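The structure file work-v9.txt is reproduced below (compact mmCIF, C-alpha atoms and all ligand atoms).
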```txt
# COMPACT_ATOMS: atom_id res chain seq x y z
CA MET U 1 128.55 -135.82 108.51
CA HIS U 2 130.82 -133.86 106.24
CA ALA U 3 132.95 -131.08 107.64
CA PRO U 4 131.74 -127.70 106.35
CA LEU U 5 133.55 -126.59 103.22
CA PRO U 6 135.84 -123.56 103.58
CA PRO U 7 134.32 -120.36 102.25
CA VAL U 8 135.09 -119.83 98.59
CA ARG U 9 135.67 -116.32 97.34
CA ALA U 10 133.33 -115.78 94.43
CA ILE U 11 135.10 -114.45 91.34
CA PRO U 12 132.64 -113.50 88.59
CA VAL U 13 132.77 -115.59 85.44
CA GLU U 14 132.53 -112.63 83.06
CA PRO U 15 135.87 -110.89 82.59
CA LEU U 16 136.15 -107.29 83.62
CA MET U 17 138.95 -106.71 81.14
CA ARG U 18 139.77 -108.80 78.11
CA ALA U 19 142.86 -108.35 75.95
CA GLU U 20 142.23 -110.07 72.64
CA ARG U 21 144.97 -110.90 70.12
CA LEU U 22 146.98 -107.76 70.88
CA ALA U 23 149.85 -106.98 68.56
CA LYS U 24 152.28 -104.07 68.49
CA ALA U 25 155.53 -103.63 66.60
CA PHE U 26 158.30 -101.04 66.62
CA GLY U 27 160.19 -100.64 63.35
CA GLY U 28 159.38 -104.16 62.21
CA HIS U 29 160.18 -105.72 65.61
CA ALA U 30 157.12 -107.34 67.22
CA ALA U 31 156.96 -106.21 70.85
CA LEU U 32 153.58 -107.96 71.29
CA ALA U 33 152.15 -110.74 69.15
CA ASP U 34 148.75 -112.36 69.57
CA VAL U 35 148.43 -111.58 73.30
CA SER U 36 145.10 -112.63 74.84
CA PHE U 37 144.10 -112.92 78.49
CA SER U 38 141.44 -111.63 80.83
CA VAL U 39 141.07 -110.19 84.32
CA ARG U 40 137.96 -110.63 86.44
CA ALA U 41 136.70 -108.37 89.21
CA GLY U 42 138.24 -109.36 92.53
CA GLU U 43 141.23 -110.96 90.85
CA VAL U 44 144.92 -110.04 90.96
CA VAL U 45 146.73 -111.05 87.77
CA ALA U 46 150.52 -110.75 87.68
CA VAL U 47 152.41 -110.51 84.41
CA LEU U 48 155.93 -111.89 84.62
CA GLY U 49 158.58 -112.08 81.96
CA PRO U 50 162.23 -111.45 81.21
CA SER U 51 163.51 -108.03 80.27
CA GLY U 52 162.28 -107.02 76.82
CA ALA U 53 159.35 -109.48 76.95
CA GLY U 54 156.91 -106.69 76.16
CA LYS U 55 155.45 -106.02 79.62
CA THR U 56 155.59 -102.21 79.46
CA THR U 57 154.25 -102.22 75.89
CA LEU U 58 151.40 -104.46 77.05
CA PHE U 59 150.61 -102.21 80.03
CA ARG U 60 150.57 -99.13 77.85
CA CYS U 61 147.97 -100.84 75.66
CA LEU U 62 145.95 -102.00 78.71
CA ALA U 63 145.95 -98.49 80.17
CA GLY U 64 144.88 -96.93 76.87
CA LEU U 65 148.15 -94.96 76.72
CA ALA U 66 149.17 -96.54 73.39
CA PRO U 67 146.91 -98.10 70.78
CA PRO U 68 147.73 -101.65 69.70
CA ASP U 69 148.44 -102.22 65.99
CA ALA U 70 145.90 -105.04 66.06
CA GLY U 71 143.58 -106.64 68.57
CA SER U 72 141.63 -104.98 71.35
CA VAL U 73 141.47 -104.27 75.06
CA ARG U 74 137.87 -104.37 76.25
CA VAL U 75 136.78 -103.18 79.67
CA TRP U 76 133.29 -104.42 80.34
CA GLY U 77 132.94 -105.04 76.62
CA GLN U 78 134.09 -101.59 75.47
CA ASP U 79 137.19 -101.30 73.33
CA ILE U 80 139.34 -98.69 75.04
CA ALA U 81 141.18 -97.69 71.83
CA ARG U 82 137.92 -97.10 69.95
CA THR U 83 135.77 -95.13 72.35
CA ALA U 84 135.33 -91.40 72.23
CA GLY U 85 133.53 -88.61 74.05
CA ARG U 86 131.50 -89.59 77.10
CA ASP U 87 132.32 -93.33 76.82
CA ARG U 88 136.03 -92.51 76.66
CA ARG U 89 135.82 -90.35 79.79
CA ARG U 90 133.93 -93.08 81.64
CA LEU U 91 136.56 -95.65 80.67
CA ALA U 92 139.31 -93.26 81.77
CA ARG U 93 137.64 -93.22 85.20
CA ASP U 94 137.15 -96.98 85.25
CA VAL U 95 140.80 -97.79 84.57
CA ALA U 96 143.34 -96.41 87.06
CA VAL U 97 147.04 -96.59 86.31
CA VAL U 98 149.83 -97.02 88.87
CA PHE U 99 153.36 -96.37 87.62
CA GLN U 100 156.76 -97.59 88.76
CA GLN U 101 157.90 -94.03 89.47
CA PHE U 102 154.63 -93.07 91.26
CA ASN U 103 154.03 -89.98 89.04
CA LEU U 104 153.06 -87.73 91.94
CA VAL U 105 153.40 -83.95 91.91
CA GLY U 106 156.19 -83.56 94.45
CA ARG U 107 155.40 -80.02 95.58
CA LEU U 108 151.75 -80.88 96.33
CA THR U 109 150.53 -82.55 99.50
CA ALA U 110 149.58 -86.20 99.61
CA LEU U 111 145.92 -85.12 99.83
CA ASP U 112 146.15 -82.87 96.77
CA ASN U 113 147.76 -85.70 94.81
CA VAL U 114 144.93 -88.04 95.81
CA LEU U 115 142.36 -85.42 94.82
CA ALA U 116 143.79 -85.61 91.29
CA GLY U 117 142.07 -88.99 91.16
CA ARG U 118 138.74 -87.11 91.26
CA LEU U 119 139.49 -85.05 88.14
CA GLY U 120 137.43 -87.34 85.91
CA HIS U 121 134.44 -86.99 88.26
CA VAL U 122 134.21 -83.23 88.70
CA PRO U 123 133.52 -80.38 86.27
CA ALA U 124 136.69 -79.24 84.51
CA TRP U 125 136.71 -75.80 86.19
CA ARG U 126 136.93 -77.42 89.62
CA GLY U 127 139.92 -79.43 88.48
CA TRP U 128 141.70 -76.43 86.96
CA SER U 129 141.16 -74.30 90.05
CA ARG U 130 141.70 -77.27 92.41
CA ARG U 131 138.43 -76.37 94.12
CA PHE U 132 137.18 -79.75 95.13
CA GLY U 133 134.01 -80.09 97.15
CA ARG U 134 133.63 -81.51 100.63
CA ALA U 135 132.51 -84.93 99.38
CA ASP U 136 135.60 -85.27 97.15
CA ARG U 137 137.91 -84.20 99.97
CA LEU U 138 136.30 -86.68 102.35
CA LEU U 139 136.63 -89.44 99.78
CA ALA U 140 140.31 -88.55 99.21
CA LEU U 141 140.94 -88.68 102.98
CA GLU U 142 139.16 -92.05 103.11
CA CYS U 143 141.45 -93.33 100.36
CA LEU U 144 144.53 -92.10 102.23
CA ASP U 145 143.23 -93.85 105.33
CA ARG U 146 142.71 -97.01 103.25
CA VAL U 147 146.43 -97.05 102.38
CA GLY U 148 147.45 -96.22 105.96
CA LEU U 149 148.58 -92.64 105.30
CA LEU U 150 145.85 -90.43 106.75
CA ALA U 151 148.41 -88.86 109.09
CA LYS U 152 150.49 -87.75 106.08
CA ALA U 153 147.62 -86.02 104.26
CA GLU U 154 149.16 -82.53 104.54
CA GLN U 155 152.75 -83.58 103.92
CA ARG U 156 154.43 -82.71 100.61
CA ALA U 157 154.63 -85.78 98.38
CA ASP U 158 158.35 -85.33 97.72
CA THR U 159 159.11 -85.65 101.43
CA LEU U 160 157.54 -89.12 101.66
CA SER U 161 159.45 -92.39 101.33
CA GLY U 162 159.21 -94.40 98.11
CA GLY U 163 156.80 -96.88 99.66
CA GLN U 164 154.66 -94.05 101.05
CA GLN U 165 154.65 -92.33 97.64
CA GLN U 166 153.46 -95.50 95.96
CA ARG U 167 150.70 -95.79 98.58
CA VAL U 168 149.64 -92.22 97.80
CA ALA U 169 149.60 -93.17 94.11
CA ILE U 170 147.38 -96.14 94.98
CA ALA U 171 145.11 -93.88 97.05
CA ARG U 172 144.88 -91.57 94.02
CA ALA U 173 143.92 -94.59 91.91
CA LEU U 174 141.26 -95.56 94.48
CA ALA U 175 139.87 -92.01 94.49
CA GLN U 176 138.99 -92.58 90.84
CA ARG U 177 136.61 -95.32 92.02
CA PRO U 178 138.06 -97.56 89.29
CA ARG U 179 136.95 -101.00 88.20
CA LEU U 180 140.44 -101.98 87.05
CA ILE U 181 143.87 -101.02 88.37
CA VAL U 182 146.69 -101.40 85.85
CA ALA U 183 150.08 -101.27 87.56
CA ASP U 184 153.31 -101.47 85.54
CA GLU U 185 156.09 -102.65 87.83
CA PRO U 186 154.56 -100.89 90.85
CA VAL U 187 157.19 -102.18 93.27
CA ALA U 188 160.34 -102.16 91.12
CA SER U 189 161.67 -99.06 92.90
CA LEU U 190 160.99 -100.37 96.42
CA ASP U 191 162.94 -102.52 98.86
CA PRO U 192 161.66 -106.11 99.29
CA ALA U 193 159.68 -105.58 102.52
CA THR U 194 158.07 -102.37 101.28
CA ALA U 195 157.32 -104.04 97.95
CA ALA U 196 155.56 -106.92 99.69
CA GLY U 197 153.51 -104.41 101.73
CA VAL U 198 152.39 -102.51 98.60
CA LEU U 199 151.40 -105.77 96.88
CA ASP U 200 149.47 -106.88 99.99
CA LEU U 201 147.59 -103.60 99.75
CA LEU U 202 146.75 -104.16 96.07
CA ARG U 203 145.58 -107.69 96.89
CA ASP U 204 143.36 -106.40 99.73
CA ILE U 205 141.90 -103.80 97.37
CA ALA U 206 141.06 -106.50 94.81
CA ARG U 207 139.41 -108.52 97.57
CA GLY U 208 137.17 -105.45 97.98
CA PRO U 209 134.62 -104.29 98.46
CA GLN U 210 135.81 -101.02 96.95
CA GLY U 211 133.94 -98.39 95.02
CA ASP U 212 130.26 -98.23 94.45
CA ASP U 213 130.02 -101.45 92.53
CA GLY U 214 132.11 -103.94 94.43
CA ALA U 215 135.44 -105.55 93.75
CA VAL U 216 138.20 -104.20 91.57
CA GLY U 217 140.42 -106.19 89.20
CA VAL U 218 144.18 -105.65 89.43
CA VAL U 219 146.72 -106.46 86.74
CA CYS U 220 150.35 -105.72 87.53
CA SER U 221 153.71 -106.54 86.04
CA LEU U 222 156.41 -107.78 88.36
CA HIS U 223 160.01 -108.88 88.11
CA GLN U 224 160.11 -111.27 91.09
CA VAL U 225 158.38 -114.63 90.93
CA ASP U 226 158.08 -114.89 94.72
CA LEU U 227 156.24 -111.56 94.94
CA ALA U 228 153.86 -112.68 92.18
CA ARG U 229 153.27 -115.97 93.98
CA ALA U 230 152.43 -114.15 97.22
CA ALA U 231 150.10 -111.55 95.71
CA ALA U 232 148.47 -112.93 92.56
CA ASP U 233 145.56 -115.25 91.88
CA ARG U 234 146.86 -115.89 88.38
CA ILE U 235 150.18 -115.49 86.64
CA ILE U 236 150.65 -114.66 82.97
CA GLY U 237 154.09 -115.45 81.57
CA LEU U 238 155.14 -113.19 78.71
CA ALA U 239 158.23 -113.96 76.59
CA GLY U 240 159.17 -112.54 73.22
CA GLY U 241 155.90 -110.60 73.16
CA ARG U 242 153.77 -113.77 73.49
CA VAL U 243 151.80 -115.34 76.33
CA VAL U 244 153.67 -118.53 77.15
CA ALA U 245 151.86 -119.30 80.43
CA ASP U 246 148.48 -118.40 81.91
CA LEU U 247 148.10 -120.32 85.15
CA PRO U 248 146.49 -120.14 88.57
CA THR U 249 149.28 -119.13 90.93
CA SER U 250 149.26 -122.53 92.65
CA LEU U 251 150.27 -124.15 89.33
CA PHE U 252 153.02 -121.65 88.53
CA ASP U 253 155.82 -123.76 89.98
CA ALA U 254 159.61 -123.63 89.75
CA ALA U 255 159.54 -125.48 86.41
CA ALA U 256 157.09 -122.94 84.94
CA ALA U 257 159.32 -120.10 86.17
CA ALA U 258 162.42 -121.77 84.72
CA ARG U 259 160.69 -122.22 81.37
CA LEU U 260 159.63 -118.57 81.36
CA TYR U 261 163.06 -117.23 82.12
CA GLY U 262 164.70 -119.68 79.72
CA ASN U 263 166.61 -121.77 82.26
CA SER U 264 165.43 -125.16 81.14
N1 LIG I 301 159.11 -96.87 71.82
C1 LIG I 301 159.79 -97.94 71.39
N2 LIG I 301 160.52 -97.86 70.25
C2 LIG I 301 161.20 -98.93 69.78
N3 LIG I 301 161.22 -100.13 70.37
C3 LIG I 301 160.52 -100.27 71.51
C4 LIG I 301 159.77 -99.18 72.09
N4 LIG I 301 159.17 -99.61 73.23
C5 LIG I 301 159.53 -100.90 73.36
N5 LIG I 301 160.34 -101.30 72.35
C6 LIG I 301 160.90 -102.64 72.17
O1 LIG I 301 159.86 -103.58 72.39
C7 LIG I 301 160.35 -104.70 73.13
C8 LIG I 301 159.55 -104.84 74.43
O2 LIG I 301 159.87 -103.75 75.27
P1 LIG I 301 159.13 -103.52 76.68
O3 LIG I 301 159.69 -102.27 77.28
O4 LIG I 301 157.68 -103.60 76.47
O5 LIG I 301 159.64 -104.81 77.49
P2 LIG I 301 159.60 -105.09 79.07
O6 LIG I 301 159.17 -106.50 79.21
O7 LIG I 301 158.78 -104.06 79.73
O8 LIG I 301 161.13 -104.94 79.47
P3 LIG I 301 161.75 -104.55 80.91
O9 LIG I 301 161.35 -105.64 81.85
O10 LIG I 301 163.22 -104.52 80.64
O11 LIG I 301 161.20 -103.19 81.28
C9 LIG I 301 161.83 -104.46 73.35
O12 LIG I 301 162.54 -105.12 72.33
C10 LIG I 301 161.97 -102.95 73.19
O13 LIG I 301 163.25 -102.60 72.74
```
Would you encode the structure as structure tokens?
Amino acid sequence: MHAPLPPVRAIPVEPLMRAERLAKAFGGHAALADVSFSVRAGEVVAVLGPSGAGKTTLFRCLAGLAPPDAGSVRVWGQDIARTAGRDRRRLARDVAVVFQQFNLVGRLTALDNVLAGRLGHVPAWRGWSRRFGRADRLLALECLDRVGLLAKAEQRADTLSGGQQQRVAIARALAQRPRLIVADEPVASLDPATAAGVLDLLRDIARGPQGDDGAVGVVCSLHQVDLARAAADRIIGLAGGRVVADLPTSLFDAAAAARLYGNS
């Protein structure tokens, strides 16, 4: 008799997000050239690369904050640079962005910051007047609980530690009920232990279930190989604006890291 196989986590075959032949240049200098890769629901993809590799430029394109000069970013088949109106608003809800510097409103409470994640789901007047309904407030509290900060709901964001602020930012992202979380260097401002905790949280979120429709894909840029190894299912190596490695984390060994950072 064979021993039972260990459970395998099912990752869908169809990508949730696909970047296809992305290119972007600044004043004749190519920051991104021919960048293609995909992220599936339930997957954490880490983008690593030396300074100036094009990571921030790539994340701005993935988040729809800057249009690529060529190529496309498709979320569930829809090109985020070429949608408008209702489709654009739906994509803005589907893709949540987490920034290195958290981008919270310091004078507002943690709860009010998380409620900002509901802005794409409520009529504009509710957003302007910050009059969120009971269901939105409950969801925001649930999201704060999910990141371990329910007890801080009424505390001003600027009185929280860096790690706590990034957790609030992740709770705000979750309140969007996104399908994809795009995080540009989400732990670069945090100490190593706090950074590992935040990445564990992002990995748990990708493992889902989250939202109404199951697992979420996470793509994040990181500076430390060991953090990427601990948190990611797959590692993309970016150098000189090009993808030079796209490997399951188990295959991203010391030699791959040395090649990426130009040490061999
Ligand atoms: N707005 C801009 N104007 C001109 N050049 C830019 C602009 N943004 C990025 N670049 C250039 O594009 C290249 C890639 O920059 P980018 O910030 O994307 O790299 P990065 O991998 O995020 O670097 P780091 O890890 O140091 O943050 C660099 O040569 C940079 O100088």
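Note that the spacing between atom CA of U:Ala110 and atom CA of U:Ile170 amounts to 11.2 Å.
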Ligand LIG 301 (chain I) neighbours within 9 Å using all atoms listed in the file, as a PyMOL selection string: chain U and resi 24-27+29-32+48-60+184-185+221-223+238-241
Report, as JSON, the centre and edge lengths in Å (one decimal) of the axis-aligned box enclosing every listed atom of stretch 197-208 of chain U, padded by 5 Å on each side.
```
{"center_x": 145.3, "center_y": -105.5, "center_z": 98.3, "size_x": 26.3, "size_y": 16.0, "size_z": 16.9}
```
Contacts of U:Gln78 within 10 Å, only C-alpha atoms, excl. fewer than 3 positions in-chain, as an NGL selection string: :U and (17-18 or 72-75 or 81-83 or 87-88 or 91)
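The interatomic distance for the pair atom CA of U:Asp253 and atom CA of U:Val45 works out to 15.8 Å.
Minimum atom-to-atom distance to U:Leu190, evaluated using all atoms listed in the file, belongs to U:Gly162 out of U:Gly117, U:Pro178, U:Gly148, U:Gly162.
With only C-alpha atoms as the atoms that count, the minimum distance from U:Ala193 to the choices U:Leu16, U:Val244, U:Leu227, U:Ala63 is reached by U:Leu227.
Minimum atom-to-atom distances from U:Ala256, U:Ala153, U:Val114, U:Val147 to U:Leu199 were compared using all atoms listed in the file, and the lowest value belongs to U:Val147.
Neighbouring residues of stretch 143-145 of chain U at 10 Å or closer, counting all atoms listed in the file and skipping chain neighbours under 2 positions away, are Ala110, Leu111, Val114, Leu115, Arg137, Leu138, Leu139, Ala140, Leu141, Val147, Gly148, Leu149, Leu150, Ala151, Lys152, Ala153, Arg167, Val168, Ala169, Ile170, Ala171, Arg172, Ala173, Leu174, Ala175, Gln176 and Arg177 of chain U.
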Distance query 12 Å from (157.1, -106.1, 98.7) using only C-alpha atoms, result as a VMD selection string: chain U and resid 162 to 163 166 185 to 203 222 to 231
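Each of U:Leu22, U:Ala245, U:Leu108, U:Ala46 was checked against U:Leu160 using only C-alpha atoms; the smallest atom-to-atom distance is that of U:Leu108.
Atom CA of U:Pro68 is positioned 16.2 Å from atom CA of U:Ser38.
Closest to U:Ala257 among U:Arg90, U:Asn103, U:Asp136, U:Val47 is U:Val47, based on only C-alpha atoms.
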Within 6 Å of U:Ile181 using only C-alpha atoms, minus same-chain residues under 6 positions, as a PyMOL selection string: chain U and resi 95-97+218
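Of the listed residues U:Val98, U:Ile235, U:Ile205, U:Val216, the one whose atoms come nearest to U:Ala183 is U:Val98, with distances taken using all atoms listed in the file.
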Taking the block above, write stretch 154-168 of chain U with N, CA and C atoms as a PDB file, in the first residue's frame.
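Done, and the output landed in part.pdb:
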```pdb
ATOM      1  N   GLU U 154      -9.622  52.306  16.979  1.00  0.00           N
ATOM      2  CA  GLU U 154      -9.919  53.719  17.224  1.00  0.00           C
ATOM      3  C   GLU U 154      -8.668  54.559  17.457  1.00  0.00           C
ATOM      4  N   GLN U 155      -7.502  53.939  17.261  1.00  0.00           N
ATOM      5  CA  GLN U 155      -6.261  54.698  17.477  1.00  0.00           C
ATOM      6  C   GLN U 155      -5.858  55.441  16.207  1.00  0.00           C
ATOM      7  N   ARG U 156      -5.341  56.671  16.377  1.00  0.00           N
ATOM      8  CA  ARG U 156      -4.876  57.429  15.210  1.00  0.00           C
ATOM      9  C   ARG U 156      -3.762  56.679  14.512  1.00  0.00           C
ATOM     10  N   ALA U 157      -3.801  56.681  13.178  1.00  0.00           N
ATOM     11  CA  ALA U 157      -2.820  55.907  12.407  1.00  0.00           C
ATOM     12  C   ALA U 157      -1.387  56.365  12.688  1.00  0.00           C
ATOM     13  N   ASP U 158      -1.208  57.702  12.902  1.00  0.00           N
ATOM     14  CA  ASP U 158       0.168  58.167  13.071  1.00  0.00           C
ATOM     15  C   ASP U 158       0.743  57.868  14.453  1.00  0.00           C
ATOM     16  N   THR U 159      -0.053  57.208  15.306  1.00  0.00           N
ATOM     17  CA  THR U 159       0.500  56.795  16.597  1.00  0.00           C
ATOM     18  C   THR U 159       0.816  55.294  16.602  1.00  0.00           C
ATOM     19  N   LEU U 160       0.652  54.644  15.466  1.00  0.00           N
ATOM     20  CA  LEU U 160       0.957  53.214  15.383  1.00  0.00           C
ATOM     21  C   LEU U 160       2.408  53.017  14.928  1.00  0.00           C
ATOM     22  N   SER U 161       2.958  51.839  15.242  1.00  0.00           N
ATOM     23  CA  SER U 161       4.319  51.540  14.781  1.00  0.00           C
ATOM     24  C   SER U 161       4.299  51.302  13.276  1.00  0.00           C
ATOM     25  N   GLY U 162       5.492  51.284  12.669  1.00  0.00           N
ATOM     26  CA  GLY U 162       5.579  51.063  11.219  1.00  0.00           C
ATOM     27  C   GLY U 162       4.922  49.750  10.808  1.00  0.00           C
ATOM     28  N   GLY U 163       5.214  48.700  11.560  1.00  0.00           N
ATOM     29  CA  GLY U 163       4.637  47.389  11.222  1.00  0.00           C
ATOM     30  C   GLY U 163       3.125  47.411  11.354  1.00  0.00           C
ATOM     31  N   GLN U 164       2.638  48.094  12.405  1.00  0.00           N
ATOM     32  CA  GLN U 164       1.176  48.192  12.595  1.00  0.00           C
ATOM     33  C   GLN U 164       0.556  49.010  11.457  1.00  0.00           C
ATOM     34  N   GLN U 165       1.256  50.085  11.054  1.00  0.00           N
ATOM     35  CA  GLN U 165       0.713  50.909   9.959  1.00  0.00           C
ATOM     36  C   GLN U 165       0.634  50.098   8.668  1.00  0.00           C
ATOM     37  N   GLN U 166       1.640  49.261   8.429  1.00  0.00           N
ATOM     38  CA  GLN U 166       1.578  48.471   7.196  1.00  0.00           C
ATOM     39  C   GLN U 166       0.454  47.432   7.297  1.00  0.00           C
ATOM     40  N   ARG U 167       0.196  46.930   8.498  1.00  0.00           N
ATOM     41  CA  ARG U 167      -0.936  46.001   8.658  1.00  0.00           C
ATOM     42  C   ARG U 167      -2.266  46.717   8.414  1.00  0.00           C
ATOM     43  N   VAL U 168      -2.365  47.953   8.870  1.00  0.00           N
ATOM     44  CA  VAL U 168      -3.591  48.723   8.594  1.00  0.00           C
ATOM     45  C   VAL U 168      -3.729  48.914   7.081  1.00  0.00           C
TER      46      VAL U 168
END
```
